[in-house]
Every structure is written in structure tokens, then in C-alpha cells.
Amino acid sequence: MDEYGAESESRVMVIYGTRPEAIKMAPVIKSLEADSYLTPIVVVTAQHREMLDQVNQVFGIVPDVDLNMMAHGQSLNSIAGSVISKIDEVLAEFEPDAVVVQGDTTTVMGAAIAAFNREVPVVHLEAGLRSGDINSPFPEEANRKIVSQIARVHLAPTTVSRSNLLADGVPEENIHVIGNTVIDALQWAVERPVKFSLPELQALESDDRRVLLVTTHRRENLGENMVNIGKALRNLATHYPDLLIIWPAHKNPKVRASIAPQIQDLDNVISIEPVEYGEFSHLINASDIVLTDSGGIQEEAPSLGKPVLVLRENTERPEAIDAGTVKLIGTATETIISEVSRLLDDKTAYREMANAVNPYGDGHSAGRSVDILNELLGNR
Ligand code: UD1
Ligand code: UDP
């Protein structure tokens, strides 16, 4: 309350730059908009351009500030430098009471440093994920650790991430286990009726073939690993004519250059542009197996009961592996072929992995994050 008895509002700046951050931040922005004590200021770095806009459109979010930073071939340091200097200007202009960042991208690390240097409390959503290897995922593991050192509030998705933060010396009272807002976003998207925009995807309804949904983009997989993944897809498509492979290609030209030439002449492979989030959640549902190096998809597909084979050597998301729905398989061509074949040929092996599990949240994480922000800012 101010001196006249009116409710005073705290200004919370949410800053994000890439597709996964946008998806996981959207439920928080919606909850902030609905809260009577907090006013969101939405700032996008646009480290991603088209893939970010696609998400903002689905959720009906119009940023207050768009730094329009993406450049083709951007380096980690060019992104980090621009994020720190541009976010510094935005912080000076808007003087928010708190900053929220989500996840582990270079936008997140740069924005957290800029806010810390201006003594604005940083709230880190999806805090405490650790692979244990500073070089993998690169540079995300380092980004998470840096943000954990300077954040004021750590919103951990699970008790595993809480333990990781405690092991890094984060004070217990600054950690809150709230689940992952990706499940809030996913539940919203899955419940929303959707008609696929592409005829190839519309045709899935009357197609009996089994569907392998593939996404890849990790920096440490660029080059040889990505080529190996492409080889495996070619082999699988050739050996299983009754398999339909769907590859929504990440916008990174380096990803496309390694995979596209190996699969573009195959009838049972559909290469498409990134699918908008509302449709993508339904596409996971329409698939039988998911093959991915994505972080977010490792969290979403298990909750839809889809087996996930992860194209990485390690993960910071062990919960669904422990539950049996996710398996780490790396990027060797032969291993990818044998692991996908096993799920296609062995019904028992498939059934053992196709369990709907929800270790990452109950769909109410955004509301919890807003309650904690109100506590931090003295509103409750
Ligand atoms: C980034 C994040 C990664 C996150 C991923 C989600 C870093 C270092 N990496 O990786 O943690 O998992 O996003 O997808 O923060 N591009 C476009 N349009 C887009 C998006 C990307 O053309 O909408 C192209 C551009 O040429 C850009 C390139 O992809 O330079 C790479 O984008 P960048 O954000 O640097 O890295 P990602 O691999 O996308
Ligand atoms: N996604 C999407 N359309 C696609 C592919 C992925 O909306 O064509 C969503 C997916 O559901 C997940 C997020 O994008 O929520 C994952 O993004 P990405 O794999 O780029 O990043 P990561 O999660 O690995 O950081």
C-alpha cells in the first residue's frame, strides 16, 4: 500500500531470447499479468528471431522491448557482449524491482550479469540443472553455474536440482522447488484444439505408419556428430519403409547442412521448418518415438508417454531417465540405428519406455513463481 492506501505495484522484468526460454517464460508472464501486485516488463534480446517470434505469437505476448540481436553466425562472445551492454541500458531506463531469467542460454547468463551489476535481484527460473561436465552441454552448463552464483532466488524444478544448488553452496532459504513451467505451457498447448497447418502433418491422422520425431541443435553435436545422426536417419528410413521420420529442422544453417543432404531424397522423411509450439505439442502426441538432443523435449515427451532417445552422452535432466521413459544413446550412427530399431521391433521394450511420467511439474509452477516474487518484493 502507498501512503494514500492504493496498492503499489512492483515491476518485474522478464528477459529472454530463444525459443525454449520463451516457452517456459510464457506461463510466468501470463501469471504476472493476472497478478494485482506485480507488473511485467517483457524484454526480448531476440538471440533467436523467427523461432522466438513463433512462440510469442502462439501465447499472444507482445514484448515491451525487442533488442533484435540475432545475427547469422553469431559467436558466444558477440551474443554475451551485446546482451550485457544492451540489457544494461534497458535496466537503466526501466529500473525494475527484480529480473527473471529462465534456463541456461547466453541471453540468460548475460542478462543475469547485467542485472547483478546493477544490484537488481535476479530470480533464476529452472535453476540447479547440472550435467556435471562443464563442457557438455556447452556453454549451457557454465551459464547455469554462473547464474547460480549471482541469483538472489533460485526456482528449482525438482529436488535433484535443489540438491545440486545446495552442493554449489547456494543458501537453502534462497531455493524453492516449484516444478518446471514447461509443463504449464505443455498442458495449455495440448488441451488447445489445433489443426496442423502443413498438409504433410494433417495427413498423419489417416497414416498407419509409425512416426519417429527428430530434433537436433546442440552446439557440441555440430559437425561430425550431426553428420552421424543424418547417416542413422538415412539408414533407418531405408530399412523401415513403414516408418515415417519427421524432422522439424532447427533454423541454425549448420544443423541443416549436416543432415538435410542425407535425407532429402527419401520418401518417408518429412523435413519441415520449426513447428509452432501449439502444433508441436500435438506432433509429439502423434509420434511413437522421439529422437532428440533438446532439453525441453526431454521434459515434455515423458509427460505425454513417448519414449525419448537422447542424442547426448550426458544430461542435466536425470529424472525421466530414472523413471525409464528417457534413454541416453549418444550420437554414434550404429547405436542410434540399433536403439531405434529395438523400439520398433520389440513391443516389450517399447512398452517399458512408453510410460507417462511427470517428474518435471504439475502445471502450476508459474503461479508458484509469482507467489515467490511477491514474497521477495514484500507484497505478501
Ligand atoms: C541457442 C542456445 C541453446 C538453446 C538453443 C535452443 C546459446 C549459446 N545457445 O542455441 O542453449 O538450447 O538456442 O534452440 O545460448 N537461427 C535463425 N533463426 C532463429 C534461430 C536461430 O536463423 O530463429 C540461426 C542463426 O543463424 C543463428 C544460429 O541459428 O546465428 C544459431 O543460433 P544461436 O542462438 O546462436 O544458437 P542455438 O544453437 O540456436
Ligand atoms: N519445439 C517447437 N517446435 C519445434 C521443435 C521444438 O515448438 O519444431 C519446442 C519444444 O516443444 C520444446 C522447445 O521447443 O519446448 C525446445 O527447444 P530447443 O530444442 O530449441 O531448445 P532446448 O530445450 O534444447 O534448449
# chains A, B, ... in the order shown; residues from 1 in each chain; ligands from 1
>>> residues_around(residues="Trp247 (chain A)", least_positions_apart="6", cutoff="7 Å", atoms="only C-alpha atoms", output="list of chain:residue names")
A:Leu213, A:Val214, A:Thr215, A:Ile270, A:Ser271, A:Ile272
>>> closest_atom_pairs(of="chain A", to="ligand 1", cutoff="9 Å", atoms="only C-alpha atoms and all ligand atoms", output="JSON lines")
{"residue": "A:Gly17", "atom": "CA", "partner": "ligand 1", "partner_atom_place_in_ligand_line": "34 (O)", "distance": 8.0}
{"residue": "A:Thr18", "atom": "CA", "partner": "ligand 1", "partner_atom_place_in_ligand_line": "13 (O)", "distance": 5.4}
{"residue": "A:Arg19", "atom": "CA", "partner": "ligand 1", "partner_atom_place_in_ligand_line": "14 (O)", "distance": 5.8}
{"residue": "A:Pro20", "atom": "CA", "partner": "ligand 1", "partner_atom_place_in_ligand_line": "6 (C)", "distance": 5.7}
{"residue": "A:Glu21", "atom": "CA", "partner": "ligand 1", "partner_atom_place_in_ligand_line": "6 (C)", "distance": 8.0}
{"residue": "A:Ala46", "atom": "CA", "partner": "ligand 1", "partner_atom_place_in_ligand_line": "23 (O)", "distance": 8.1}
{"residue": "A:Gln47", "atom": "CA", "partner": "ligand 1", "partner_atom_place_in_ligand_line": "34 (O)", "distance": 5.2}
{"residue": "A:His48", "atom": "CA", "partner": "ligand 1", "partner_atom_place_in_ligand_line": "20 (C)", "distance": 3.9}
{"residue": "A:Arg49", "atom": "CA", "partner": "ligand 1", "partner_atom_place_in_ligand_line": "23 (O)", "distance": 3.9}
{"residue": "A:Glu50", "atom": "CA", "partner": "ligand 1", "partner_atom_place_in_ligand_line": "23 (O)", "distance": 3.8}
{"residue": "A:Met51", "atom": "CA", "partner": "ligand 1", "partner_atom_place_in_ligand_line": "23 (O)", "distance": 3.8}
{"residue": "A:Leu52", "atom": "CA", "partner": "ligand 1", "partner_atom_place_in_ligand_line": "23 (O)", "distance": 5.9}
{"residue": "A:Asp53", "atom": "CA", "partner": "ligand 1", "partner_atom_place_in_ligand_line": "23 (O)", "distance": 7.7}
{"residue": "A:Gln54", "atom": "CA", "partner": "ligand 1", "partner_atom_place_in_ligand_line": "23 (O)", "distance": 8.5}
{"residue": "A:Met70", "atom": "CA", "partner": "ligand 1", "partner_atom_place_in_ligand_line": "30 (O)", "distance": 6.3}
{"residue": "A:Ala71", "atom": "CA", "partner": "ligand 1", "partner_atom_place_in_ligand_line": "30 (O)", "distance": 5.2}
{"residue": "A:His72", "atom": "CA", "partner": "ligand 1", "partner_atom_place_in_ligand_line": "26 (O)", "distance": 3.5}
{"residue": "A:Gly73", "atom": "CA", "partner": "ligand 1", "partner_atom_place_in_ligand_line": "30 (O)", "distance": 4.2}
{"residue": "A:Gln74", "atom": "CA", "partner": "ligand 1", "partner_atom_place_in_ligand_line": "30 (O)", "distance": 4.7}
{"residue": "A:Ser75", "atom": "CA", "partner": "ligand 1", "partner_atom_place_in_ligand_line": "35 (O)", "distance": 6.6}
{"residue": "A:Leu76", "atom": "CA", "partner": "ligand 1", "partner_atom_place_in_ligand_line": "8 (C)", "distance": 5.8}
{"residue": "A:Ile79", "atom": "CA", "partner": "ligand 1", "partner_atom_place_in_ligand_line": "35 (O)", "distance": 7.5}
{"residue": "A:Ala80", "atom": "CA", "partner": "ligand 1", "partner_atom_place_in_ligand_line": "15 (O)", "distance": 8.8}
{"residue": "A:Gly103", "atom": "CA", "partner": "ligand 1", "partner_atom_place_in_ligand_line": "11 (O)", "distance": 8.2}
{"residue": "A:Asp104", "atom": "CA", "partner": "ligand 1", "partner_atom_place_in_ligand_line": "11 (O)", "distance": 6.0}
{"residue": "A:Thr105", "atom": "CA", "partner": "ligand 1", "partner_atom_place_in_ligand_line": "15 (O)", "distance": 3.4}
{"residue": "A:Thr106", "atom": "CA", "partner": "ligand 1", "partner_atom_place_in_ligand_line": "15 (O)", "distance": 3.9}
{"residue": "A:Thr107", "atom": "CA", "partner": "ligand 1", "partner_atom_place_in_ligand_line": "15 (O)", "distance": 6.1}
{"residue": "A:Val108", "atom": "CA", "partner": "ligand 1", "partner_atom_place_in_ligand_line": "15 (O)", "distance": 7.8}
{"residue": "A:Met109", "atom": "CA", "partner": "ligand 1", "partner_atom_place_in_ligand_line": "15 (O)", "distance": 8.6}
{"residue": "A:Pro137", "atom": "CA", "partner": "ligand 1", "partner_atom_place_in_ligand_line": "11 (O)", "distance": 8.1}
{"residue": "A:Phe138", "atom": "CA", "partner": "ligand 1", "partner_atom_place_in_ligand_line": "8 (C)", "distance": 7.4}
{"residue": "A:Pro139", "atom": "CA", "partner": "ligand 1", "partner_atom_place_in_ligand_line": "8 (C)", "distance": 5.9}
{"residue": "A:Glu140", "atom": "CA", "partner": "ligand 1", "partner_atom_place_in_ligand_line": "11 (O)", "distance": 5.7}
{"residue": "A:Asn143", "atom": "CA", "partner": "ligand 1", "partner_atom_place_in_ligand_line": "15 (O)", "distance": 8.7}
{"residue": "A:Thr216", "atom": "CA", "partner": "ligand 1", "partner_atom_place_in_ligand_line": "14 (O)", "distance": 8.8}
{"residue": "A:His217", "atom": "CA", "partner": "ligand 1", "partner_atom_place_in_ligand_line": "38 (O)", "distance": 5.6}
{"residue": "A:Arg218", "atom": "CA", "partner": "ligand 1", "partner_atom_place_in_ligand_line": "38 (O)", "distance": 5.8}
{"residue": "A:Arg219", "atom": "CA", "partner": "ligand 1", "partner_atom_place_in_ligand_line": "38 (O)", "distance": 5.6}
{"residue": "A:Leu222", "atom": "CA", "partner": "ligand 1", "partner_atom_place_in_ligand_line": "38 (O)", "distance": 8.9}
{"residue": "A:His250", "atom": "CA", "partner": "ligand 1", "partner_atom_place_in_ligand_line": "14 (O)", "distance": 7.1}
{"residue": "A:Lys251", "atom": "CA", "partner": "ligand 1", "partner_atom_place_in_ligand_line": "16 (N)", "distance": 4.5}
{"residue": "A:Asn252", "atom": "CA", "partner": "ligand 1", "partner_atom_place_in_ligand_line": "29 (O)", "distance": 3.2}
{"residue": "A:Pro253", "atom": "CA", "partner": "ligand 1", "partner_atom_place_in_ligand_line": "26 (O)", "distance": 6.0}
{"residue": "A:Lys254", "atom": "CA", "partner": "ligand 1", "partner_atom_place_in_ligand_line": "29 (O)", "distance": 7.8}
{"residue": "A:Val255", "atom": "CA", "partner": "ligand 1", "partner_atom_place_in_ligand_line": "38 (O)", "distance": 8.5}
{"residue": "A:Pro274", "atom": "CA", "partner": "ligand 1", "partner_atom_place_in_ligand_line": "23 (O)", "distance": 8.9}
{"residue": "A:Ser294", "atom": "CA", "partner": "ligand 1", "partner_atom_place_in_ligand_line": "12 (O)", "distance": 6.7}
{"residue": "A:Gly295", "atom": "CA", "partner": "ligand 1", "partner_atom_place_in_ligand_line": "12 (O)", "distance": 6.8}
{"residue": "A:Gly296", "atom": "CA", "partner": "ligand 1", "partner_atom_place_in_ligand_line": "12 (O)", "distance": 8.4}
>>> atom_distance(atom1="CA of Glu313 (chain A)", atom2="CA of Gly230 (chain A)")
17.4 Å
>>> residues_around(residues="Ser287 (chain A)", least_positions_apart="2", cutoff="10 Å", atoms="only C-alpha atoms", output="PyMOL selection string")
chain A and resi 204+209-214+244-246+282-285+289-290+301+306-307
>>> atom_distance(atom1="CA of Thr158 (chain A)", atom2="CA of Glu319 (chain A)")
8.5 Å
>>> residues_around(residues="Val147 (chain A)", least_positions_apart="3", cutoff="12 Å", atoms="only C-alpha atoms", output="VMD selection string")
chain A and resid 100 to 116 121 to 129 140 to 144 150 to 155 165 168 170
>>> write_last_selection(atoms="N, CA, C and O atoms", output="compact mmCIF listing (two decimals), in the first residue's frame")
# COMPACT_ATOMS: atom_id res chain seq x y z
N VAL A 100 13.73 -11.57 -13.96
CA VAL A 100 13.59 -13.03 -14.04
C VAL A 100 14.25 -13.51 -15.32
O VAL A 100 13.99 -12.96 -16.41
N VAL A 101 15.11 -14.50 -15.19
CA VAL A 101 15.68 -15.16 -16.36
C VAL A 101 15.37 -16.66 -16.25
O VAL A 101 15.12 -17.18 -15.16
N GLN A 102 15.40 -17.34 -17.38
CA GLN A 102 14.98 -18.74 -17.41
C GLN A 102 16.02 -19.59 -18.12
O GLN A 102 16.30 -19.33 -19.29
N GLY A 103 16.58 -20.57 -17.43
CA GLY A 103 17.39 -21.56 -18.14
C GLY A 103 18.87 -21.24 -18.21
O GLY A 103 19.45 -20.77 -17.22
N ASP A 104 19.46 -21.46 -19.37
CA ASP A 104 20.93 -21.56 -19.43
C ASP A 104 21.55 -21.02 -20.72
O ASP A 104 22.67 -21.37 -21.06
N THR A 105 20.83 -20.20 -21.46
CA THR A 105 21.41 -19.72 -22.72
C THR A 105 22.36 -18.54 -22.44
O THR A 105 22.45 -18.05 -21.31
N THR A 106 22.98 -18.06 -23.50
CA THR A 106 23.88 -16.91 -23.34
C THR A 106 23.08 -15.66 -23.00
O THR A 106 23.54 -14.80 -22.24
N THR A 107 21.85 -15.55 -23.49
CA THR A 107 20.98 -14.45 -23.06
C THR A 107 20.81 -14.47 -21.55
O THR A 107 20.87 -13.43 -20.88
N VAL A 108 20.56 -15.64 -21.00
CA VAL A 108 20.31 -15.78 -19.56
C VAL A 108 21.53 -15.34 -18.75
O VAL A 108 21.44 -14.54 -17.81
N MET A 109 22.67 -15.86 -19.16
CA MET A 109 23.91 -15.55 -18.43
C MET A 109 24.20 -14.04 -18.53
O MET A 109 24.48 -13.38 -17.52
N GLY A 110 24.09 -13.47 -19.73
CA GLY A 110 24.40 -12.05 -19.91
C GLY A 110 23.43 -11.16 -19.16
O GLY A 110 23.83 -10.18 -18.50
N ALA A 111 22.14 -11.49 -19.23
CA ALA A 111 21.13 -10.66 -18.57
C ALA A 111 21.31 -10.73 -17.04
O ALA A 111 21.15 -9.72 -16.34
N ALA A 112 21.65 -11.91 -16.54
CA ALA A 112 21.84 -12.06 -15.08
C ALA A 112 23.04 -11.22 -14.63
O ALA A 112 22.98 -10.54 -13.60
N ILE A 113 24.10 -11.24 -15.42
CA ILE A 113 25.29 -10.44 -15.04
C ILE A 113 24.94 -8.95 -15.07
O ILE A 113 25.29 -8.20 -14.15
N ALA A 114 24.22 -8.53 -16.11
CA ALA A 114 23.87 -7.10 -16.21
C ALA A 114 23.02 -6.68 -15.01
O ALA A 114 23.24 -5.61 -14.42
N ALA A 115 22.05 -7.52 -14.63
CA ALA A 115 21.17 -7.17 -13.50
C ALA A 115 21.97 -7.18 -12.19
O ALA A 115 21.83 -6.27 -11.36
N PHE A 116 22.81 -8.20 -12.02
CA PHE A 116 23.62 -8.29 -10.80
C PHE A 116 24.48 -7.03 -10.64
O PHE A 116 24.55 -6.44 -9.56
N PRO A 121 17.80 -7.62 -7.99
CA PRO A 121 17.75 -9.05 -7.65
C PRO A 121 17.38 -9.90 -8.86
O PRO A 121 16.44 -9.58 -9.59
N VAL A 122 18.15 -10.98 -9.02
CA VAL A 122 17.92 -11.90 -10.14
C VAL A 122 17.18 -13.12 -9.63
O VAL A 122 17.58 -13.76 -8.65
N VAL A 123 16.09 -13.45 -10.31
CA VAL A 123 15.33 -14.66 -9.99
C VAL A 123 15.58 -15.64 -11.14
O VAL A 123 15.33 -15.32 -12.31
N HIS A 124 16.13 -16.80 -10.79
CA HIS A 124 16.50 -17.77 -11.83
C HIS A 124 15.49 -18.91 -11.87
O HIS A 124 15.37 -19.70 -10.94
N LEU A 125 14.77 -18.95 -12.98
CA LEU A 125 13.78 -20.00 -13.20
C LEU A 125 14.49 -21.18 -13.86
O LEU A 125 15.29 -20.98 -14.78
N GLU A 126 14.14 -22.38 -13.44
CA GLU A 126 14.80 -23.62 -13.87
C GLU A 126 16.26 -23.64 -13.40
O GLU A 126 17.19 -23.91 -14.15
N ALA A 127 16.42 -23.35 -12.10
CA ALA A 127 17.76 -23.31 -11.50
C ALA A 127 18.19 -24.72 -11.08
O ALA A 127 17.36 -25.57 -10.75
N GLY A 128 19.50 -24.92 -11.08
CA GLY A 128 20.06 -26.12 -10.46
C GLY A 128 20.23 -27.33 -11.36
O GLY A 128 20.58 -28.41 -10.88
N LEU A 129 20.00 -27.19 -12.66
CA LEU A 129 20.26 -28.33 -13.55
C LEU A 129 21.77 -28.47 -13.72
O LEU A 129 22.47 -27.48 -13.94
N GLU A 140 26.10 -24.22 -21.96
CA GLU A 140 24.98 -24.09 -21.03
C GLU A 140 25.33 -24.48 -19.59
O GLU A 140 24.85 -23.85 -18.64
N GLU A 141 26.16 -25.53 -19.42
CA GLU A 141 26.47 -25.93 -18.04
C GLU A 141 27.18 -24.79 -17.32
O GLU A 141 26.89 -24.50 -16.15
N ALA A 142 28.10 -24.11 -18.02
CA ALA A 142 28.79 -22.98 -17.40
C ALA A 142 27.81 -21.84 -17.14
O ALA A 142 27.84 -21.23 -16.06
N ASN A 143 26.93 -21.58 -18.08
CA ASN A 143 25.96 -20.49 -17.89
C ASN A 143 25.12 -20.71 -16.63
O ASN A 143 24.89 -19.80 -15.85
N ARG A 144 24.66 -21.96 -16.45
CA ARG A 144 23.84 -22.25 -15.26
C ARG A 144 24.61 -22.01 -13.97
O ARG A 144 24.07 -21.47 -13.00
N ILE A 150 25.10 -15.82 -8.79
CA ILE A 150 24.73 -14.41 -8.62
C ILE A 150 23.22 -14.21 -8.43
O ILE A 150 22.80 -13.10 -8.11
N ALA A 151 22.42 -15.27 -8.61
CA ALA A 151 20.97 -15.09 -8.46
C ALA A 151 20.61 -14.92 -6.98
O ALA A 151 21.26 -15.47 -6.10
N ARG A 152 19.54 -14.17 -6.75
CA ARG A 152 19.05 -13.97 -5.38
C ARG A 152 18.06 -15.07 -5.02
O ARG A 152 18.01 -15.55 -3.89
N VAL A 153 17.24 -15.49 -6.00
CA VAL A 153 16.23 -16.53 -5.78
C VAL A 153 16.40 -17.61 -6.85
O VAL A 153 16.57 -17.29 -8.04
N HIS A 154 16.36 -18.86 -6.40
CA HIS A 154 16.59 -19.99 -7.30
C HIS A 154 15.31 -20.82 -7.35
O HIS A 154 14.94 -21.44 -6.35
N LEU A 155 14.65 -20.85 -8.50
CA LEU A 155 13.41 -21.62 -8.64
C LEU A 155 13.77 -22.95 -9.30
O LEU A 155 13.94 -23.04 -10.52
N LEU A 165 22.05 -27.33 -6.26
CA LEU A 165 22.29 -25.95 -5.83
C LEU A 165 22.93 -25.94 -4.44
O LEU A 165 23.88 -25.19 -4.18
N ASP A 168 26.46 -26.60 -4.56
CA ASP A 168 27.22 -25.45 -5.07
C ASP A 168 27.30 -24.32 -4.05
O ASP A 168 27.78 -23.23 -4.37
N VAL A 170 24.67 -22.74 -2.56
CA VAL A 170 23.56 -21.78 -2.55
C VAL A 170 22.80 -21.91 -1.23
O VAL A 170 22.47 -23.03 -0.82
>>> closest_residue(among="A:Asp88, A:Glu279, A:Glu119, A:Asp267", to="ligand 2", atoms="only C-alpha atoms and all ligand atoms")
A:Glu279
>>> select_by_dssp(residues="region 181-291 of chain A", states="strand (DSSP E)", output="short mmCIF file (atom, residue, chain, number, x, y, z; two decimals) with all heavy atoms, in the first residue's frame")
data_model
loop_
_atom_site.label_atom_id
_atom_site.label_comp_id
_atom_site.auth_asym_id
_atom_site.auth_seq_id
_atom_site.Cartn_x
_atom_site.Cartn_y
_atom_site.Cartn_z
N ARG A 210 4.35 -45.84 -38.36
CA ARG A 210 4.84 -45.34 -37.08
C ARG A 210 5.69 -44.08 -37.32
O ARG A 210 6.32 -43.96 -38.38
CB ARG A 210 5.65 -46.42 -36.38
CG ARG A 210 4.71 -47.46 -35.78
CD ARG A 210 5.46 -48.60 -35.17
NE ARG A 210 6.18 -49.37 -36.18
CZ ARG A 210 6.98 -50.39 -35.88
NH1 ARG A 210 7.14 -50.75 -34.63
NH2 ARG A 210 7.60 -51.03 -36.84
N VAL A 211 5.69 -43.19 -36.35
CA VAL A 211 6.34 -41.89 -36.55
C VAL A 211 7.54 -41.73 -35.60
O VAL A 211 7.41 -41.91 -34.39
CB VAL A 211 5.33 -40.74 -36.31
CG1 VAL A 211 6.04 -39.38 -36.36
CG2 VAL A 211 4.20 -40.78 -37.34
N LEU A 212 8.68 -41.41 -36.20
CA LEU A 212 9.87 -41.05 -35.43
C LEU A 212 10.06 -39.55 -35.57
O LEU A 212 10.29 -39.04 -36.67
CB LEU A 212 11.10 -41.79 -36.00
CG LEU A 212 12.45 -41.45 -35.37
CD1 LEU A 212 12.55 -41.96 -33.93
CD2 LEU A 212 13.60 -42.05 -36.21
N LEU A 213 9.92 -38.83 -34.45
CA LEU A 213 10.07 -37.37 -34.46
C LEU A 213 11.50 -37.04 -34.06
O LEU A 213 11.98 -37.51 -33.01
CB LEU A 213 9.07 -36.76 -33.47
CG LEU A 213 9.12 -35.24 -33.29
CD1 LEU A 213 8.79 -34.52 -34.59
CD2 LEU A 213 8.14 -34.82 -32.19
N VAL A 214 12.18 -36.24 -34.89
CA VAL A 214 13.60 -35.97 -34.65
C VAL A 214 13.86 -34.47 -34.54
O VAL A 214 13.40 -33.70 -35.40
CB VAL A 214 14.45 -36.52 -35.83
CG1 VAL A 214 15.94 -36.33 -35.55
CG2 VAL A 214 14.14 -37.99 -36.10
N THR A 215 14.58 -34.04 -33.49
CA THR A 215 15.07 -32.66 -33.48
C THR A 215 16.51 -32.67 -32.98
O THR A 215 16.87 -33.46 -32.10
CB THR A 215 14.26 -31.70 -32.56
OG1 THR A 215 14.66 -31.87 -31.20
CG2 THR A 215 12.76 -31.86 -32.71
N LEU A 243 8.16 -46.74 -41.71
CA LEU A 243 8.44 -45.72 -40.68
C LEU A 243 8.38 -44.35 -41.33
O LEU A 243 8.88 -44.17 -42.45
CB LEU A 243 9.84 -45.95 -40.09
CG LEU A 243 10.31 -44.95 -39.03
CD1 LEU A 243 9.52 -45.11 -37.74
CD2 LEU A 243 11.81 -45.16 -38.74
N LEU A 244 7.76 -43.40 -40.65
CA LEU A 244 7.76 -42.03 -41.15
C LEU A 244 8.63 -41.20 -40.21
O LEU A 244 8.37 -41.15 -39.00
CB LEU A 244 6.33 -41.49 -41.16
CG LEU A 244 6.15 -40.08 -41.71
CD1 LEU A 244 6.57 -40.01 -43.18
CD2 LEU A 244 4.69 -39.64 -41.56
N ILE A 245 9.67 -40.59 -40.77
CA ILE A 245 10.55 -39.75 -39.95
C ILE A 245 10.17 -38.29 -40.18
O ILE A 245 10.08 -37.85 -41.33
CB ILE A 245 12.04 -39.98 -40.31
CG1 ILE A 245 12.42 -41.44 -40.03
CG2 ILE A 245 12.94 -39.02 -39.55
CD1 ILE A 245 13.87 -41.79 -40.37
N ILE A 246 9.92 -37.57 -39.09
CA ILE A 246 9.58 -36.14 -39.23
C ILE A 246 10.69 -35.33 -38.56
O ILE A 246 11.01 -35.54 -37.38
CB ILE A 246 8.21 -35.82 -38.58
CG1 ILE A 246 7.12 -36.69 -39.21
CG2 ILE A 246 7.88 -34.34 -38.74
CD1 ILE A 246 5.73 -36.44 -38.68
N TRP A 247 11.26 -34.44 -39.34
CA TRP A 247 12.41 -33.64 -38.87
C TRP A 247 12.10 -32.15 -39.00
O TRP A 247 12.32 -31.58 -40.06
CB TRP A 247 13.66 -33.99 -39.67
CG TRP A 247 14.88 -33.22 -39.29
CD1 TRP A 247 15.41 -33.08 -38.04
CD2 TRP A 247 15.75 -32.47 -40.17
NE1 TRP A 247 16.54 -32.29 -38.09
CE2 TRP A 247 16.77 -31.91 -39.37
CE3 TRP A 247 15.76 -32.24 -41.54
CZ2 TRP A 247 17.79 -31.12 -39.90
CZ3 TRP A 247 16.78 -31.46 -42.09
CH2 TRP A 247 17.78 -30.91 -41.27
N PRO A 248 11.58 -31.53 -37.93
CA PRO A 248 11.45 -30.07 -37.96
C PRO A 248 12.86 -29.49 -37.74
O PRO A 248 13.42 -29.60 -36.66
CB PRO A 248 10.53 -29.75 -36.78
CG PRO A 248 9.99 -31.09 -36.32
CD PRO A 248 11.03 -32.09 -36.69
N VAL A 269 10.76 -39.48 -45.28
CA VAL A 269 11.28 -38.47 -44.35
C VAL A 269 10.65 -37.13 -44.70
O VAL A 269 10.67 -36.72 -45.86
CB VAL A 269 12.82 -38.34 -44.44
CG1 VAL A 269 13.30 -37.28 -43.45
CG2 VAL A 269 13.49 -39.67 -44.15
N ILE A 270 10.07 -36.49 -43.71
CA ILE A 270 9.49 -35.16 -43.93
C ILE A 270 10.37 -34.13 -43.23
O ILE A 270 10.49 -34.13 -42.00
CB ILE A 270 8.06 -35.08 -43.33
CG1 ILE A 270 7.15 -36.16 -43.92
CG2 ILE A 270 7.45 -33.71 -43.57
CD1 ILE A 270 5.74 -36.13 -43.33
N SER A 271 11.02 -33.27 -44.03
CA SER A 271 11.82 -32.19 -43.46
C SER A 271 10.98 -30.93 -43.47
O SER A 271 10.50 -30.52 -44.54
CB SER A 271 13.06 -31.92 -44.30
OG SER A 271 13.77 -33.10 -44.51
N ILE A 272 10.82 -30.33 -42.31
CA ILE A 272 9.96 -29.14 -42.25
C ILE A 272 10.62 -28.03 -41.43
O ILE A 272 11.59 -28.26 -40.72
CB ILE A 272 8.56 -29.47 -41.65
CG1 ILE A 272 8.71 -30.28 -40.37
CG2 ILE A 272 7.70 -30.20 -42.66
CD1 ILE A 272 7.39 -30.63 -39.72
N ILE A 289 8.03 -42.44 -31.32
CA ILE A 289 9.35 -42.37 -30.67
C ILE A 289 9.90 -40.97 -30.93
O ILE A 289 9.72 -40.42 -32.01
CB ILE A 289 10.33 -43.40 -31.28
CG1 ILE A 289 9.77 -44.82 -31.17
CG2 ILE A 289 11.70 -43.31 -30.62
CD1 ILE A 289 10.56 -45.85 -31.99
N VAL A 290 10.59 -40.43 -29.92
CA VAL A 290 11.23 -39.12 -30.10
C VAL A 290 12.74 -39.31 -30.01
O VAL A 290 13.24 -39.96 -29.07
CB VAL A 290 10.75 -38.13 -29.01
CG1 VAL A 290 11.44 -36.78 -29.19
CG2 VAL A 290 9.22 -37.96 -29.06
N LEU A 291 13.45 -38.76 -30.99
CA LEU A 291 14.91 -38.84 -31.04
C LEU A 291 15.40 -37.39 -31.02
O LEU A 291 15.09 -36.63 -31.95
CB LEU A 291 15.31 -39.53 -32.35
CG LEU A 291 16.77 -39.81 -32.63
CD1 LEU A 291 17.35 -40.79 -31.61
CD2 LEU A 291 16.94 -40.37 -34.05
#
>>> atom_distance(atom1="CA of Gln57 (chain A)", atom2="atom 16 (C, counted along the ligand's line) of ligand 2")
16.0 Å
>>> select_by_dssp(residues="region 128-169 of chain A", states="helix (DSSP H, G or I)", output="PyMOL selection string")
chain A and resi 140-150+159-167
>>> closest_residue(among="A:Glu173, A:Asp184, A:Glu191, A:Glu352", to="ligand 2", atoms="only C-alpha atoms and all ligand atoms")
A:Asp184
>>> residues_around(residues="Gly169 (chain A)", least_positions_apart="4", cutoff="10 Å", atoms="only C-alpha atoms", output="list in words")
Ser148, Gln149, Ser163, Asn164 and Leu165 of chain A
>>> closest_residue(among="A:Glu316, A:Ile183, A:Ser78, A:Asn117", to="Ala92 (chain A)", atoms="only C-alpha atoms")
A:Asn117
>>> closest_residue(among="A:Met226, A:Ile41, A:Ile61, A:Leu311", to="ligand 2", atoms="only C-alpha atoms and all ligand atoms")
A:Leu311
>>> closest_residue(among="A:Asn225, A:Asn268, A:Thr335, A:Ser36", to="Ala237 (chain A)", atoms="only C-alpha atoms")
A:Asn268
>>> residues_around(residues="region 353-365 of chain A", least_positions_apart="5", cutoff="7 Å", atoms="only C-alpha atoms", output="ChimeraX atom specification")
/A:157-158,178-181,183-184,187,299,302-307,319-320,324-325
>>> closest_residue(among="A:Val308, A:Asn56, A:Arg380, A:Thr39", to="Leu343 (chain A)", atoms="only C-alpha atoms")
A:Val308
>>> residues_around(residues="Asn314 (chain A)", least_positions_apart="6", cutoff="9 Å", atoms="only C-alpha atoms", output="ChimeraX atom specification")
/A:131-133,136-137,328-330
